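Before any comments, here is the structure.
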Amino acid sequence: MKNLILISIFGILLNSCTLIFFNSKNNVHKVTLPVKNINSYFTNSDSAYLYQTEIRFMKNYYSGLMVIKSQSDSVKRMVFITEMGIKIFDIEIKNPLINKKYYTVNYIIEPMSRKMIVKTLANDLGMLCQNGNVKFIDAYANDEKTFLRIKNHCKSYYYIYGMNEKNYNEIIVNSMFKQKSDINFFEVNNFAPDSIKLKHNGLNLNYVFRRIKQ
Amino acid sequence: MNIKNIFILFFVIASNTAHSQSTFTQMKNYDEFKLKLKEATKTTNSVESDFTQNKNLSILAKPIISKGKFWYKKEKQVRWEYTEPYLYLIVIKDSKLFIKDKNNQKQYDTQSNKMFQQLNDFLIGCINGEILNNTKDFDLTFKENELLYYVVLIPKVQKMKQMLSEINIYFDKKDYSVSKLKMVEQGGDYTVIEFFNKKLNANISDEKFNFN
């Protein structure tokens, strides 16, 4: 019992330190949480979104076309094919922040089929597939940006909005101890960004998406 | 690595004739067809053509269209240059494979990489018709109509079957050149590559197959 209390106190202190560190790094202060839901991207179910995609993982490089299709309010289907039409993966993803089982793999090539790789991929792509059902828990701001936070297990997700902007243009994912990944969205048109960059810190894994209009 | 990761290949090109969609019936004499195909590819030293690639996914109402140019020179030189929707290049020369896009380029040695060796063999086998003798890895069905020969290859190897349920090759009866290639995946998605504006035995500089 004593140990449990000590562990709990330690956890709370760590969490507080993480927040303090983040606030200090970004020079932000706490503000009143605005009434705001996440503005979803890729919501138009009548059309699909096509991106030229590069995935760099360690020494491996995969390039091709990513097709993103909204199947319903909560499910996005993401199909990655090489330039020559060979399918690399076909995954259906829900919001990982509110669904325990948030992805279904319809197909994936064998070199990428290991559980850890699939889970990392689904987590990363899932961050592109948010919807309005996720609730922010607190908010921070500096002179240029507003940071709205979601907490899920041991991670904090900061959705970053420029001043007076409707759509978030960045997501920072922090663990208790450090920044895990950073996703930047550029030039939003017709419910989708024209380009996206996702970078992991501490893991040699990066994605670049550039929208193609056909 | 296994045959399943093989890319699809390049053939001697089609004429400008529209493809007939009339019914295909069982080929009467497929040994003769294979022999004549082999003879035709023996006399073809180089190929240059345009191509259009349509990727059909069940989740899309329309196919994804890519376009480009293709060059082949005996014995083992291939250049596959995509121009739409963006620039992408594959060059095969001797035992090396080179891939380049706007932001990255990489070279592979097929002799030290089994996957790429199989890819290389598969590509060349389709160009010279040898693929049709590969009954070890494929079950083949031969059909024809008044304009085209049509061969269906069903993979036997399990790992390739996971990727492709069948490959369809259409040969023009006039010159035994490949006019269309269709790769069908498990689940029904498929890729169709059609070849246009062919030039056979044109003088193609070796520089076309340099890695740059």
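Going through the structure tokens in order, the chains are called A, B, and so on, while each chain numbers its residues from 1 and the ligands are numbered from 1 in the order shown.
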For chain A, work out the contacting residues on chain B at 7 Å, counting only C-alpha atoms, and write them as an mmCIF file with N, CA, C and O atoms, in the first residue's frame.
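File written: iface-v3.cif
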data_model
loop_
_atom_site.group_PDB
_atom_site.id
_atom_site.type_symbol
_atom_site.label_atom_id
_atom_site.label_comp_id
_atom_site.auth_asym_id
_atom_site.auth_seq_id
_atom_site.Cartn_x
_atom_site.Cartn_y
_atom_site.Cartn_z
ATOM 1 N N LYS B 55 -4.342 1.809 -62.305
ATOM 2 C CA LYS B 55 -4.427 1.031 -61.074
ATOM 3 C C LYS B 55 -5.872 1.102 -60.602
ATOM 4 O O LYS B 55 -6.367 2.178 -60.260
ATOM 5 N N LEU B 60 -11.904 2.953 -54.951
ATOM 6 C CA LEU B 60 -11.911 4.138 -55.800
ATOM 7 C C LEU B 60 -12.924 3.989 -56.923
ATOM 8 O O LEU B 60 -13.073 2.908 -57.504
ATOM 9 N N THR B 191 -4.016 -4.064 -61.786
ATOM 10 C CA THR B 191 -3.241 -3.053 -62.519
ATOM 11 C C THR B 191 -3.206 -3.459 -63.977
ATOM 12 O O THR B 191 -2.955 -4.616 -64.299
#
Practice task
Pick out each residue of stretch 80-204 of chain B that DSSP on the backbone tags as alpha helix (DSSP H); I need them as a ChimeraX atom specification.
Solution key: /B:114-127,158-163
Practice task
Can you check which residues of stretch 23-111 of chain B DSSP gives as strand (DSSP E) on the backbone and send them as a PyMOL selection string?
Solution key: chain B and resi 25-26+46-56+64-73+77-84+88-93+96-101+105-109
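Pairwise distance (atom CA of B:Met27, atom CA of B:Leu148) equals 10.4 Å.
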Problem - Two-atom distance - atom CA of A:Gly162, atom CA of A:Phe147 (Å) - result: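 Between atom CA of A:Gly162 and atom CA of A:Phe147 the gap works out to 9.0 Å.
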Exercise for the section: Excluding B:Gln77 and residues on its chain fewer than 6 positions from it, collect all residues at most 10 Å away from it, counting only C-alpha atoms, and give them as a list in words. Expected result: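 Using only C-alpha atoms, the neighbours found are Ser46, Trp71, Val91, Ile92, Lys93, Asp94, Ser95, Lys96, Leu97, Ile124, Asp206, Lys208, Phe209 and Asn210 of chain B.
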Problem - B:Glu146 surroundings by only C-alpha atoms, 9 Å radius, close-in-sequence under 3 positions cut, as a PyMOL selection string - result: chain B and resi 20+22+24+149+173
Problem - Separation of atom CA of B:Asp139 from atom CA of B:Asn29 in Å - result: 16.8 Å
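For the residues B:Thr135, B:Glu48, B:Gln53, B:Lys143, ranking by smallest atom-to-atom distance to B:Met183 using only C-alpha atoms places B:Gln53 first.
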Practice task
Go through A:Met176, A:Leu148, A:Leu97, A:Met58 and flag the residue nearest A:Ser74, using only C-alpha atoms for the distances.
Solution key: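 For A:Ser74, the nearest of the candidates is A:Leu97.
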Problem - Spatial neighbours of A:Asn164, 10 Å, only C-alpha atoms, chain gap at least 3 places, as a PyMOL selection string - result: chain A and resi 144-146+161+167
Those residues you just picked out, can you put them in a file as a tab-separated table (two decimals), in the first residue's frame with all heavy atoms?
chain	number	residue	atom	x	y	z
A	144	GLU	N	1.70	33.28	-30.45
A	144	GLU	CA	1.43	32.90	-31.85
A	144	GLU	C	0.49	31.72	-31.99
A	144	GLU	O	-0.17	31.56	-33.01
A	144	GLU	CB	2.75	32.54	-32.54
A	144	GLU	CG	3.71	33.70	-32.63
A	144	GLU	CD	5.10	33.24	-33.07
A	144	GLU	OE1	5.40	32.04	-32.96
A	144	GLU	OE2	5.87	34.10	-33.51
A	145	LYS	N	0.48	30.87	-30.96
A	145	LYS	CA	-0.23	29.60	-31.15
A	145	LYS	C	-1.04	29.21	-29.92
A	145	LYS	O	-0.76	29.67	-28.80
A	145	LYS	CB	0.78	28.47	-31.40
A	145	LYS	CG	1.67	28.67	-32.62
A	145	LYS	CD	2.68	27.54	-32.72
A	145	LYS	CE	3.68	27.82	-33.82
A	145	LYS	NZ	4.71	26.78	-33.92
A	146	THR	N	-2.00	28.33	-30.19
A	146	THR	CA	-2.75	27.71	-29.10
A	146	THR	C	-2.48	26.22	-29.13
A	146	THR	O	-2.45	25.61	-30.20
A	146	THR	CB	-4.26	27.96	-29.29
A	146	THR	OG1	-4.49	29.36	-29.38
A	146	THR	CG2	-5.05	27.39	-28.11
A	161	TYR	N	-2.76	25.11	-32.99
A	161	TYR	CA	-3.49	25.98	-33.91
A	161	TYR	C	-2.78	27.32	-33.98
A	161	TYR	O	-2.40	27.89	-32.95
A	161	TYR	CB	-4.91	26.21	-33.41
A	161	TYR	CG	-5.79	24.98	-33.37
A	161	TYR	CD1	-5.62	24.01	-32.39
A	161	TYR	CD2	-6.81	24.80	-34.30
A	161	TYR	CE1	-6.43	22.87	-32.36
A	161	TYR	CE2	-7.63	23.68	-34.27
A	161	TYR	CZ	-7.43	22.72	-33.29
A	161	TYR	OH	-8.24	21.61	-33.25
A	167	ASN	N	-8.18	25.12	-38.36
A	167	ASN	CA	-7.59	23.78	-38.42
A	167	ASN	C	-6.25	23.75	-37.70
A	167	ASN	O	-5.46	24.69	-37.77
A	167	ASN	CB	-7.36	23.37	-39.87
A	167	ASN	CG	-8.66	23.30	-40.66
A	167	ASN	OD1	-9.63	22.70	-40.23
A	167	ASN	ND2	-8.67	23.94	-41.82
